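Participant: I'd like to ask you about the structure that follows.
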Amino acid sequence: MTNKFQNLKEQSREFGQRWGEKVVRHKWPVLIGTLLFAMVFAAGGQMGFNSDYHVFFSEDNPQLLAYDGLQNKYTKDDNVFIVLAPKDGEVFTQETLTAIEELTAESWQTPHSSRVDAITNFQYTRAIDDDLYVDDLIQDAANKSDAELAELKEIATTDIRLVKRLINEKGSVTAVNVTVRLPTQDNGESAEVAAFVRKMVADIEAKYPNIETHLSGMVMMNSAFFEAFSQDLMTLTPLMFLIIIITILLTTRTLSGTFATLIVIALSIMTAMGFGAHTGISLTPPSGAFINIILTLAVADSIHVLITVIQQMKKGVAKKEAIVESLRLNFMPVFITSMTTIIGFLSMNFSDAPPFRDLGNLTAVGMFAAFIYSTLTLPALLAILPVKIKVSAPKEGRLPFLERLAEFVIAKKKPVIIVSTLFILISSVLVFKNELNDEFIKYFSKDVPFRSDTDYISDNLTGIYTVEYSVGAGEEGGINNPAYLAKLREFEDWLYTQDEVIHVNAFTEVMKQVNKSMHGDDPAYYRMPTERDEAAQYLLLYEMSLPFGLDLNNQVNVDKSETRMIVTINNIPTQSMLAFNDRAKDWLENNAPEHMYSDGVSSTMMFAHLSERQITSMIQGTIIALIIISFVLGFAIRSGKFGLISLIPNITPVIAGLGMWALMYGYINMGISIVFGMTLGIIVDDTVHFLSKYLRARRELGKSPEDAVRYAFSTVGQALLVTSFVLIAGFLVLAQSSFGLNSDMAKITVLIIALALILDFLMLPALLMLAPSKRAQDVKEKTIKLETNLDPAPAV
Amino acid sequence: MKRTILTLIGVAVAGMVLAQSPEQRGLEVAKAADKYDEGFGSSASKLTMVLTNKQGQESTRFMSNQTLELTEDGDKSLIVFNSPRDVKGTATLTYTHKQGSDDQWLYLPAISRVKRISSNNKSGPFMGSEFAYEDLSSQEVEKYTYKFLKEEQINGVSALVVERDPVDVKSGYTRQIVWYNKDNYRLEQIEFYDRKNALLKTLAYSDYKVYKEKHWRASQMEMTNHQTGKKTKLIFDEYNFGLNLKEEDFSQNSLKRASR
């Protein structure tokens with residue numbers, strides 16, 4: 001048996017050695033070959049950027065289909081919401097109203113616009129003599145007297161169709177809503193609309209210095225996705241590169257080694273990009289994070305190879321032999337740790353949102369490329385470039401801090417276990433205090449203009465989140481049925497009793513207003529018509545009086561059998577939104593006939609449901625990743641006992657991280673849900689390195705558990721500190737992303753990686769020392785195999 | 001000498017004709033079309049309106065229509081809705097005017113009252129269809145300014161293509177491109193461009209029949225909205241040019257009668 005494992009160990013090292021020898025011998029062909037491959041592969045195409053919010057939804061997403069269905073029945077509404085806030089706090093002045101009239105007229109010129117709603121072109125209904133008169137509420141504002149302005153203000157700030165939608169109650173902030181119909185979901189169109197509106201608004205601000213504007217709406221959100229991504233690419237990526245360069249320089253102190261590592265990272269990113277272009281993956285803010293993630297992770301492979309080369313050369317070994325020796329020792333460990341990381345990222349394929357699947361696949365390809373280039377391009381480059389290392393006596397890479405830490409764990413192993421177990425137990429309770437929340441406005445940090453503008457709107461005018469209900473009347477023309485209208489009004493009244501509701505845009509308001517005007521504007525008739533034919537004919541008259549673009553198509557379907565209700569709600573967590581929708585659904589089911597049953601749909605609801613779907617699918621993905629990674633480890637370790645022990649420090653950091661996250665932030669969104677599988681693949685490396693050193697000391701060197709812990713600390717302690725430092729620094733940089741999904745993902749990853757290190761240094765050794773010893777022979781045999789595959793580079 | 005002068009005048013006249021501006025030629029085409037259809041007196045027809053949404057779901061409405069030709073001012077027309085059930089008997093009366101806004105009334109049988117429709121808004125959809133009221137009303141020459149564009153083949157006939165811009169500032173369009181049949185000036189197709197000058201709709205005329213020897217009427221008009229993917233088809237049948245309708249058939253009182 002021993003011989004067999006010894007052979008395996010030798011075979012594996014021989015493979016690494018032969019690999020290294022071949023690379024060194026054919027350094028030029030290897031270098032040129034890999035460079036050419038990466039360049040040709042990357043030149044195969046360009047990744048396009050897609051920032052339409054629809055990218056977050058797979059084509060068969062039920063909420064997306066439902067919303068598309070509703071939009072097909074009525075109108076497809078993407079919008080730009082232009083808020084005008086006069087600095088003097090008064091909308092109803094000649095100047096400001098004139099500006100709104102101008103802006104409204106100009107807004108019709110917006111590319112792909114289909115409708116423009118403002119207080120000025122609001123179709124005000126009134127009775128003149130015996131006739132129904134429908135016309136723009138405000139025309140020719142420049143010639144209005146103060147009395148007339150006051151009257152207009154009174155009308156606008158009390159009409160339920162306007163107030164808290166296009167004007168606030170005080171009459172100090174108003175909005176122009178431009179509805180656009182984007183023919184395809186292509187970013188070019190959103191960008192075109194956004195650029196047009198920005199210019200238009202800038203012109204208005206220049207002409208009317210008293211007016212301050214804010215831009216929101218789905219089109220502006222689409223363009224904010226793109227802006228957040230470009231901002232990250234321009235600030236975070238260079239910063240990340242800088243940190244990587246400094247780290248490598250400090251740990252290796254060689255310029256050519258640093259240069260070679262940077263080449264490896266660049267080629268890995270290029271290969272991932274080429275893969276993206278070939279498979280037609282489009283860049284989105286989440287998937288775009290792959291660049292920074294590869295930057296952070298790819299460096300580890302190179303560092304392992306590089307450090308061994310330098311250590312060998314310090315011992316006086318010639319460069320070529322040092323390179324071969326490094327590959328002999330590192331090929332397998334680097335391969336295995338790369339594989340676990342790749343598996344972790346591939347688990348993102350379980351995500352319900354395509355951008356995260358893309359992120360996982362792009363990073364997985366990049367990590368595989370990093371492995372290939374670290375074992376081909378890197379040694380070839382090192383063989384070609386001059387590497388100057390002074391021969392010096394090998395210093396033990398000991399840090400007094402790590403030594404003290406080792407002694408501490410050895411002395412207090414039981415308290416350490418008790419405290420860490422308690423910590424994990426408490427954390428696991430706290431995990432459930434996290435709320436699912438995908439409020440998409442919060443995806444953007446407060447320094448993104450879209451976020452601050454949108455916050456301004458929710459603070460001063462109306463809500464940003466809407467839920468839409470298409471309420472059926474059961475038959476063609478049924479919306480004129482008094483019973484239907486009465487029930488619809490009851491539903492509307494009920495909605496207004498809910499705390500979340502800011503505004504309800506319901507067809508009933510049209511009916512009430514028309515009925516009143518048909519009866520000489522008698523307020524007593526501000527109610528539903530009582531006869532069906534009467535209602536239908538009033539509606540016909542009203543519709544015939546509406547101008548171009550301001551028809552009822554956005555509220556009433558073609559055969560008048562359904563109406564659309566748009567409910568604007570407060571900024572509340574998405575779980576509360578779902579709860580609100582459930583209550584509304586229940587109300588209809590308990591109080592209305594079956595044809596009126598309706599489920600809330602909207603972009604808001606799409607995101608709200610997405611986090612739920614995402615969590616369930618990511619839990620599956622994580623479990624599968626865990627099983628596969630355990631299988632890989634089990635294959636490498638060939639020990640059930642240590643495989644099981646290694647699971648503990650691999651799973652617990654995620655639990656502890658989520659528990660602490662609950663205390664710090666308390667919510668989970670799509671970005672956070674992908675972290676579990678991803679971090680699992682990363683943190684498993686630490687455990688493996690520590691465990692392998694411990695086992696080697698126990699059985700090969702015949703040390704006691706305590707001494708084996710000391711040995712593990714002294715050999716890999718510093719390496720673990722350095723790699724964790726690089727990872728933490730990398731994800732800390734990503735945490736600065738102006739795109740909240742990315743920064744949240746990075747923040748919790750930092751937390752988990754830090755906790756993983758702490759648990760690997762405290763709980764793992766304590767566990768190892770307290771675990772019952774197996775039969776010595778058995779352990780020894782397995783340890784040999786473990787060493788074969790997993791012996792990592794020695795510590796720095 | 002005299003001959004030379006005559007020749008010169010002749011050349012000058014020919015030159016002027018040749019030098020006719022596109023605006024003049026466009027206006028001439030519109031006038032010729034108006035002239036060609038002059039003298040039909042009055043007509044009546046049944047009208048079926050089929051609305052189709054993007055998914056192909058259809059909704060059908062039935063109406064009847066009467067028109068009275070006037071030469072000194074725009075035509076008068078009366079439309080009675082026979083379905084949907086809720087608006088059966090509702091009737092509109094329209095006086096088109098060469099200058100200024102048209103007058104329009106609606107009779108509501110539910111309250112037995114005639115209501116005037118506010119005069120400013122004529123660009124909204126008619127009965128939820130893809131036709132705006134302004135697409136259906138009498139196409140008086142004075143309602144547009146014209147520009148001749150070109151001659152080209154359409155539907156297998158040669159056509160005069162004219163751009164016309166609405167005079168009414170409340171119109172939903174910046175311009176329309178009209179294809180007139182070169183032989184009988186009947187309309188073959190109209191393209192409508194919205195306020196931002198993007199193609200909004202196309203109206204195709206088909207199944208032309210000739211009445212009283214020279215009055216061409218399309219039996220089918222199909223409007224396609226390119227921005228929403230919705231369509232509306234108008235089918236005219238039972239055309240009757242022999243009713244000899246009078247002005248008194250187009251009064252507010254006649255609205256109530258017609259409704260029955």
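Chain labels A, B, ... are given in the sequence in which chains occur in the structure tokens; within each chain residues are numbered consecutively from 1, and ligands are likewise numbered from 1 in the order shown.
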Neighbouring residues of Gln614 in chain A were defined as those with any atom within 10 Å, considering only C-alpha atoms; residues of the same chain fewer than 5 positions away were excluded. Please report them as an MDAnalysis selection string.

Facilitator: chainID A and resid 350:353 609 619:620 669:671 673:674

Participant: Save the residues we just selected, N, CA and C atoms, as a PDB file, in the first residue's frame?

Facilitator:
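Listing of part-v9.pdb after writing:
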```pdb
ATOM      1  N   PHE A 350     -26.958  28.168 -11.424  1.00  0.00           N
ATOM      2  CA  PHE A 350     -28.277  27.901 -10.869  1.00  0.00           C
ATOM      3  C   PHE A 350     -29.066  29.185 -10.679  1.00  0.00           C
ATOM      4  N   SER A 351     -28.401  30.301 -10.828  1.00  0.00           N
ATOM      5  CA  SER A 351     -29.074  31.584 -10.620  1.00  0.00           C
ATOM      6  C   SER A 351     -30.238  31.758 -11.584  1.00  0.00           C
ATOM      7  N   ASP A 352     -31.254  32.456 -11.100  1.00  0.00           N
ATOM      8  CA  ASP A 352     -32.421  32.709 -11.932  1.00  0.00           C
ATOM      9  C   ASP A 352     -32.188  33.907 -12.848  1.00  0.00           C
ATOM     10  N   ALA A 353     -31.168  34.698 -12.525  1.00  0.00           N
ATOM     11  CA  ALA A 353     -30.927  35.918 -13.293  1.00  0.00           C
ATOM     12  C   ALA A 353     -29.729  35.703 -14.220  1.00  0.00           C
ATOM     13  N   HIS A 609     -40.026  39.391  -6.913  1.00  0.00           N
ATOM     14  CA  HIS A 609     -40.091  37.936  -6.997  1.00  0.00           C
ATOM     15  C   HIS A 609     -38.726  37.330  -7.291  1.00  0.00           C
ATOM     16  N   ILE A 619     -29.547  28.254  -3.371  1.00  0.00           N
ATOM     17  CA  ILE A 619     -29.323  27.261  -2.309  1.00  0.00           C
ATOM     18  C   ILE A 619     -29.067  25.897  -2.951  1.00  0.00           C
ATOM     19  N   GLN A 620     -29.862  25.578  -3.966  1.00  0.00           N
ATOM     20  CA  GLN A 620     -29.616  24.333  -4.715  1.00  0.00           C
ATOM     21  C   GLN A 620     -28.203  24.324  -5.288  1.00  0.00           C
ATOM     22  N   ASN A 669     -29.866  40.371  -1.114  1.00  0.00           N
ATOM     23  CA  ASN A 669     -30.367  40.597  -2.470  1.00  0.00           C
ATOM     24  C   ASN A 669     -29.737  39.596  -3.423  1.00  0.00           C
ATOM     25  N   MET A 670     -30.046  39.768  -4.699  1.00  0.00           N
ATOM     26  CA  MET A 670     -29.543  38.833  -5.715  1.00  0.00           C
ATOM     27  C   MET A 670     -28.030  38.702  -5.663  1.00  0.00           C
ATOM     28  N   GLY A 671     -27.345  39.833  -5.457  1.00  0.00           N
ATOM     29  CA  GLY A 671     -25.893  39.833  -5.485  1.00  0.00           C
ATOM     30  C   GLY A 671     -25.330  38.987  -4.348  1.00  0.00           C
ATOM     31  N   SER A 673     -26.871  36.513  -2.800  1.00  0.00           N
ATOM     32  CA  SER A 673     -27.263  35.108  -2.880  1.00  0.00           C
ATOM     33  C   SER A 673     -26.267  34.270  -3.685  1.00  0.00           C
ATOM     34  N   ILE A 674     -25.510  34.908  -4.567  1.00  0.00           N
ATOM     35  CA  ILE A 674     -24.576  34.115  -5.367  1.00  0.00           C
ATOM     36  C   ILE A 674     -23.282  33.825  -4.622  1.00  0.00           C
TER      37      ILE A 674
END
```

Participant: Could you list, as number ranges by chain, every residue within 10 Å of Phe259 in chain A, counting only C-alpha atoms and ignoring same-chain residues fewer than 2 positions away?

Facilitator: A: 245, 248-249, 254-257, 261-265, 378, 381-382, 385

Participant: Just to be explicit: take each residue in the selection above, keep C-alpha atoms, and write the result as a PDB file, in the first residue's frame.

Facilitator:
```pdb
ATOM      1  CA  ILE A 245       1.287  45.069  -8.372  1.00  0.00           C
ATOM      2  CA  ILE A 248       3.407  40.963  -5.731  1.00  0.00           C
ATOM      3  CA  LEU A 249       6.315  43.350  -5.519  1.00  0.00           C
ATOM      4  CA  THR A 254      11.176  40.855  -8.373  1.00  0.00           C
ATOM      5  CA  LEU A 255      10.215  43.114 -11.252  1.00  0.00           C
ATOM      6  CA  SER A 256      10.224  40.449 -13.941  1.00  0.00           C
ATOM      7  CA  GLY A 257       8.132  38.157 -11.721  1.00  0.00           C
ATOM      8  CA  THR A 261       2.195  37.749 -13.222  1.00  0.00           C
ATOM      9  CA  LEU A 262       0.513  40.791 -14.728  1.00  0.00           C
ATOM     10  CA  ILE A 263       0.797  39.187 -18.165  1.00  0.00           C
ATOM     11  CA  VAL A 264      -0.883  36.054 -16.817  1.00  0.00           C
ATOM     12  CA  ILE A 265      -3.715  38.098 -15.335  1.00  0.00           C
ATOM     13  CA  LEU A 378       4.517  32.340 -16.448  1.00  0.00           C
ATOM     14  CA  LEU A 381       8.443  34.184 -19.291  1.00  0.00           C
ATOM     15  CA  LEU A 382      10.506  33.589 -16.165  1.00  0.00           C
ATOM     16  CA  LEU A 385      13.396  37.255 -18.575  1.00  0.00           C
TER      17      LEU A 385
END
```

Participant: Sort by chain and increasing residue number a table of all residues of range 570-652 of chain A within 10 Å of range 679-693 of chain A, each with its closest pair of atoms and their distance in Å to one decimal, counting only C-alpha atoms, and write it as CSV.

Facilitator:
```
residue,atom,partner,partner_atom,distance
A:Thr622,CA,A:Leu680,CA,8.3
A:Ala625,CA,A:Leu680,CA,8.1
A:Leu626,CA,A:Leu680,CA,7.4
A:Ile629,CA,A:Gly681,CA,7.4
A:Ser630,CA,A:Val684,CA,9.5
A:Leu633,CA,A:Val688,CA,8.2
A:Ala636,CA,A:Val688,CA,9.7
A:Ile637,CA,A:Ser692,CA,8.5
A:Phe642,CA,A:Leu691,CA,8.1
A:Gly643,CA,A:Val688,CA,9.6
A:Ile645,CA,A:Leu691,CA,9.4
A:Ser646,CA,A:Thr687,CA,6.4
A:Leu647,CA,A:Val684,CA,8.5
A:Ile648,CA,A:Thr687,CA,9.6
A:Pro649,CA,A:Thr687,CA,7.0
A:Asn650,CA,A:Val684,CA,5.7
A:Ile651,CA,A:Leu680,CA,7.3
```

Participant: Which neighbours of Lys199 in chain A fall inside 12 Å, counting only C-alpha atoms, when residues of the same chain fewer than 4 positions from it are skipped, and could you give them as a list in words?

Facilitator: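 Counting only C-alpha atoms, the residues come to Leu103, Glu106, Ser107, Thr110, Glu192, Val193, Ala194, Ala195, Asp203, Ile204, Glu205, Ala206, Thr213 and Leu215 of chain A.
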
Participant: Could you list, as a PyMOL selection string, the residues of chain A having an atom within 9 Å of chain B when counting only C-alpha atoms?

Facilitator: chain A and resi 72-73+75-76+108-114+130-135+181+183+476-477+480+531-538+540-553+557-559

Participant: What does the file look like for those residues with C-alpha atoms, as a PDB file, in the first residue's frame?

Facilitator:
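To be explicit, this is the file written out as selection.pdb:
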```pdb
ATOM      1  CA  ASN A  72     -49.494  43.998 -24.660  1.00  0.00           C
ATOM      2  CA  LYS A  73     -53.099  44.433 -23.502  1.00  0.00           C
ATOM      3  CA  THR A  75     -49.452  49.942 -23.735  1.00  0.00           C
ATOM      4  CA  LYS A  76     -45.817  49.118 -23.217  1.00  0.00           C
ATOM      5  CA  TRP A 108     -42.997  64.935 -27.831  1.00  0.00           C
ATOM      6  CA  GLN A 109     -39.819  65.096 -29.890  1.00  0.00           C
ATOM      7  CA  THR A 110     -38.121  62.482 -27.687  1.00  0.00           C
ATOM      8  CA  PRO A 111     -37.092  59.498 -29.803  1.00  0.00           C
ATOM      9  CA  HIS A 112     -39.582  56.612 -29.489  1.00  0.00           C
ATOM     10  CA  SER A 113     -41.923  58.680 -27.325  1.00  0.00           C
ATOM     11  CA  SER A 114     -45.577  57.740 -27.462  1.00  0.00           C
ATOM     12  CA  ASP A 130     -74.664  71.824 -21.402  1.00  0.00           C
ATOM     13  CA  ASP A 131     -71.586  70.492 -23.111  1.00  0.00           C
ATOM     14  CA  LEU A 132     -68.635  68.425 -22.045  1.00  0.00           C
ATOM     15  CA  TYR A 133     -65.443  70.293 -22.585  1.00  0.00           C
ATOM     16  CA  VAL A 134     -62.121  68.457 -22.452  1.00  0.00           C
ATOM     17  CA  ASP A 135     -58.931  70.378 -22.943  1.00  0.00           C
ATOM     18  CA  ARG A 181     -41.903  52.573 -26.577  1.00  0.00           C
ATOM     19  CA  PRO A 183     -38.811  48.804 -30.231  1.00  0.00           C
ATOM     20  CA  GLU A 476     -66.760  42.914 -23.856  1.00  0.00           C
ATOM     21  CA  GLY A 477     -67.808  46.412 -22.818  1.00  0.00           C
ATOM     22  CA  ASN A 480     -69.240  50.179 -18.103  1.00  0.00           C
ATOM     23  CA  GLU A 531     -76.629  52.911 -15.847  1.00  0.00           C
ATOM     24  CA  ARG A 532     -74.413  50.826 -18.059  1.00  0.00           C
ATOM     25  CA  ASP A 533     -75.362  52.435 -21.389  1.00  0.00           C
ATOM     26  CA  GLU A 534     -75.031  55.857 -19.811  1.00  0.00           C
ATOM     27  CA  ALA A 535     -71.499  55.036 -18.651  1.00  0.00           C
ATOM     28  CA  ALA A 536     -70.570  53.639 -22.055  1.00  0.00           C
ATOM     29  CA  GLN A 537     -71.863  56.666 -23.906  1.00  0.00           C
ATOM     30  CA  TYR A 538     -70.222  59.163 -21.571  1.00  0.00           C
ATOM     31  CA  LEU A 540     -67.417  57.384 -25.827  1.00  0.00           C
ATOM     32  CA  LEU A 541     -67.967  61.110 -25.698  1.00  0.00           C
ATOM     33  CA  TYR A 542     -64.969  61.571 -23.433  1.00  0.00           C
ATOM     34  CA  GLU A 543     -62.739  59.435 -25.648  1.00  0.00           C
ATOM     35  CA  MET A 544     -63.764  61.376 -28.722  1.00  0.00           C
ATOM     36  CA  SER A 545     -62.666  64.532 -26.945  1.00  0.00           C
ATOM     37  CA  LEU A 546     -59.139  63.402 -26.200  1.00  0.00           C
ATOM     38  CA  PRO A 547     -56.189  64.600 -28.221  1.00  0.00           C
ATOM     39  CA  PHE A 548     -53.431  62.654 -29.913  1.00  0.00           C
ATOM     40  CA  GLY A 549     -51.370  60.495 -27.585  1.00  0.00           C
ATOM     41  CA  LEU A 550     -53.489  61.116 -24.499  1.00  0.00           C
ATOM     42  CA  ASP A 551     -56.070  58.421 -25.120  1.00  0.00           C
ATOM     43  CA  LEU A 552     -57.246  55.751 -22.698  1.00  0.00           C
ATOM     44  CA  ASN A 553     -55.309  52.915 -24.348  1.00  0.00           C
ATOM     45  CA  ASN A 557     -58.085  47.407 -23.266  1.00  0.00           C
ATOM     46  CA  VAL A 558     -59.424  47.337 -26.812  1.00  0.00           C
ATOM     47  CA  ASP A 559     -62.725  45.570 -26.255  1.00  0.00           C
TER      48      ASP A 559
END
```

Participant: Would you list the contacts of Met223 in chain B as a ChimeraX atom specification, taking every protein, DNA or RNA residue within 7 Å and counting only C-alpha atoms, but skipping same-chain residues closer than 5 positions in sequence?

Facilitator: /B:130-131,201-204,231-233

Participant: Write down as a ChimeraX atom specification the residues belonging to range 687-741 of chain A that are assigned alpha helix (DSSP H) by DSSP computed on the backbone.

Facilitator: /A:687-695,705-734,740-741

Participant: With N, CA and C atoms retained, write the just-selected residues as a short mmCIF file (atom, residue, chain, number, x, y, z; two decimals), in the first residue's frame.

Facilitator:
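The new file selection08.cif reads:
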```cif
data_model
loop_
_atom_site.label_atom_id
_atom_site.label_comp_id
_atom_site.auth_asym_id
_atom_site.auth_seq_id
_atom_site.Cartn_x
_atom_site.Cartn_y
_atom_site.Cartn_z
N THR A 687 -8.35 25.82 4.01
CA THR A 687 -8.51 24.62 4.82
C THR A 687 -7.59 23.51 4.33
N VAL A 688 -7.59 23.35 3.00
CA VAL A 688 -6.81 22.28 2.41
C VAL A 688 -5.33 22.47 2.72
N HIS A 689 -4.86 23.70 2.54
CA HIS A 689 -3.44 23.95 2.81
C HIS A 689 -3.09 23.65 4.26
N PHE A 690 -3.90 24.14 5.17
CA PHE A 690 -3.62 23.96 6.58
C PHE A 690 -3.66 22.48 6.97
N LEU A 691 -4.72 21.82 6.48
CA LEU A 691 -4.93 20.42 6.80
C LEU A 691 -3.78 19.56 6.27
N SER A 692 -3.35 19.84 5.05
CA SER A 692 -2.32 19.02 4.45
C SER A 692 -1.01 19.15 5.24
N LYS A 693 -0.69 20.34 5.67
CA LYS A 693 0.53 20.53 6.46
C LYS A 693 0.43 19.83 7.81
N TYR A 694 -0.73 19.94 8.41
CA TYR A 694 -0.95 19.31 9.70
C TYR A 694 -0.75 17.79 9.59
N LEU A 695 -1.39 17.21 8.57
CA LEU A 695 -1.33 15.76 8.41
C LEU A 695 0.09 15.30 8.09
N PRO A 705 -0.05 16.03 17.89
CA PRO A 705 -1.04 16.98 17.35
C PRO A 705 -0.63 18.42 17.61
N GLU A 706 -0.15 18.71 18.79
CA GLU A 706 0.21 20.08 19.14
C GLU A 706 1.36 20.58 18.27
N ASP A 707 2.37 19.74 18.13
CA ASP A 707 3.51 20.13 17.30
C ASP A 707 3.11 20.25 15.83
N ALA A 708 2.18 19.38 15.43
CA ALA A 708 1.73 19.43 14.04
C ALA A 708 1.03 20.76 13.77
N VAL A 709 0.28 21.24 14.77
CA VAL A 709 -0.38 22.55 14.62
C VAL A 709 0.69 23.62 14.50
N ARG A 710 1.72 23.55 15.35
CA ARG A 710 2.81 24.54 15.28
C ARG A 710 3.45 24.51 13.89
N TYR A 711 3.64 23.26 13.40
CA TYR A 711 4.27 23.11 12.08
C TYR A 711 3.39 23.75 11.00
N ALA A 712 2.09 23.46 11.05
CA ALA A 712 1.17 24.00 10.05
C ALA A 712 1.19 25.53 10.07
N PHE A 713 1.15 26.10 11.27
CA PHE A 713 1.20 27.57 11.39
C PHE A 713 2.48 28.11 10.77
N SER A 714 3.60 27.46 11.08
CA SER A 714 4.87 28.01 10.64
C SER A 714 5.07 27.84 9.13
N THR A 715 4.50 26.81 8.55
CA THR A 715 4.72 26.61 7.11
C THR A 715 3.71 27.36 6.25
N VAL A 716 2.42 27.25 6.53
CA VAL A 716 1.45 27.89 5.65
C VAL A 716 0.79 29.13 6.24
N GLY A 717 1.04 29.37 7.51
CA GLY A 717 0.38 30.50 8.18
C GLY A 717 0.52 31.79 7.41
N GLN A 718 1.76 32.10 7.05
CA GLN A 718 1.99 33.38 6.39
C GLN A 718 1.40 33.39 4.97
N ALA A 719 1.52 32.24 4.29
CA ALA A 719 0.96 32.17 2.94
C ALA A 719 -0.55 32.41 2.97
N LEU A 720 -1.19 31.83 3.97
CA LEU A 720 -2.63 32.03 4.08
C LEU A 720 -2.96 33.49 4.37
N LEU A 721 -2.14 34.09 5.22
CA LEU A 721 -2.35 35.52 5.52
C LEU A 721 -2.23 36.35 4.25
N VAL A 722 -1.18 36.07 3.45
CA VAL A 722 -0.95 36.87 2.25
C VAL A 722 -2.07 36.67 1.23
N THR A 723 -2.42 35.41 0.96
CA THR A 723 -3.47 35.21 -0.05
C THR A 723 -4.80 35.78 0.44
N SER A 724 -5.10 35.62 1.72
CA SER A 724 -6.33 36.20 2.24
C SER A 724 -6.29 37.71 2.13
N PHE A 725 -5.10 38.27 2.37
CA PHE A 725 -4.96 39.73 2.26
C PHE A 725 -5.28 40.18 0.83
N VAL A 726 -4.72 39.47 -0.14
CA VAL A 726 -4.98 39.84 -1.54
C VAL A 726 -6.47 39.74 -1.85
N LEU A 727 -7.08 38.64 -1.40
CA LEU A 727 -8.51 38.45 -1.66
C LEU A 727 -9.34 39.54 -1.00
N ILE A 728 -9.02 39.81 0.26
CA ILE A 728 -9.79 40.82 0.99
C ILE A 728 -9.60 42.18 0.34
N ALA A 729 -8.35 42.50 -0.03
CA ALA A 729 -8.10 43.79 -0.68
C ALA A 729 -8.88 43.86 -1.99
N GLY A 730 -8.84 42.79 -2.77
CA GLY A 730 -9.54 42.77 -4.06
C GLY A 730 -11.03 42.99 -3.90
N PHE A 731 -11.63 42.26 -2.97
CA PHE A 731 -13.07 42.39 -2.81
C PHE A 731 -13.44 43.70 -2.11
N LEU A 732 -12.51 44.23 -1.30
CA LEU A 732 -12.78 45.54 -0.70
C LEU A 732 -12.84 46.61 -1.78
N VAL A 733 -11.99 46.47 -2.79
CA VAL A 733 -12.05 47.41 -3.89
C VAL A 733 -13.39 47.27 -4.62
N LEU A 734 -13.77 46.04 -4.88
CA LEU A 734 -15.04 45.81 -5.56
C LEU A 734 -16.21 46.32 -4.71
N GLY A 740 -24.79 48.58 -6.42
CA GLY A 740 -25.03 47.97 -5.12
C GLY A 740 -24.96 46.45 -5.11
N LEU A 741 -25.46 45.81 -6.17
CA LEU A 741 -25.41 44.34 -6.18
C LEU A 741 -23.97 43.87 -6.09
#
```
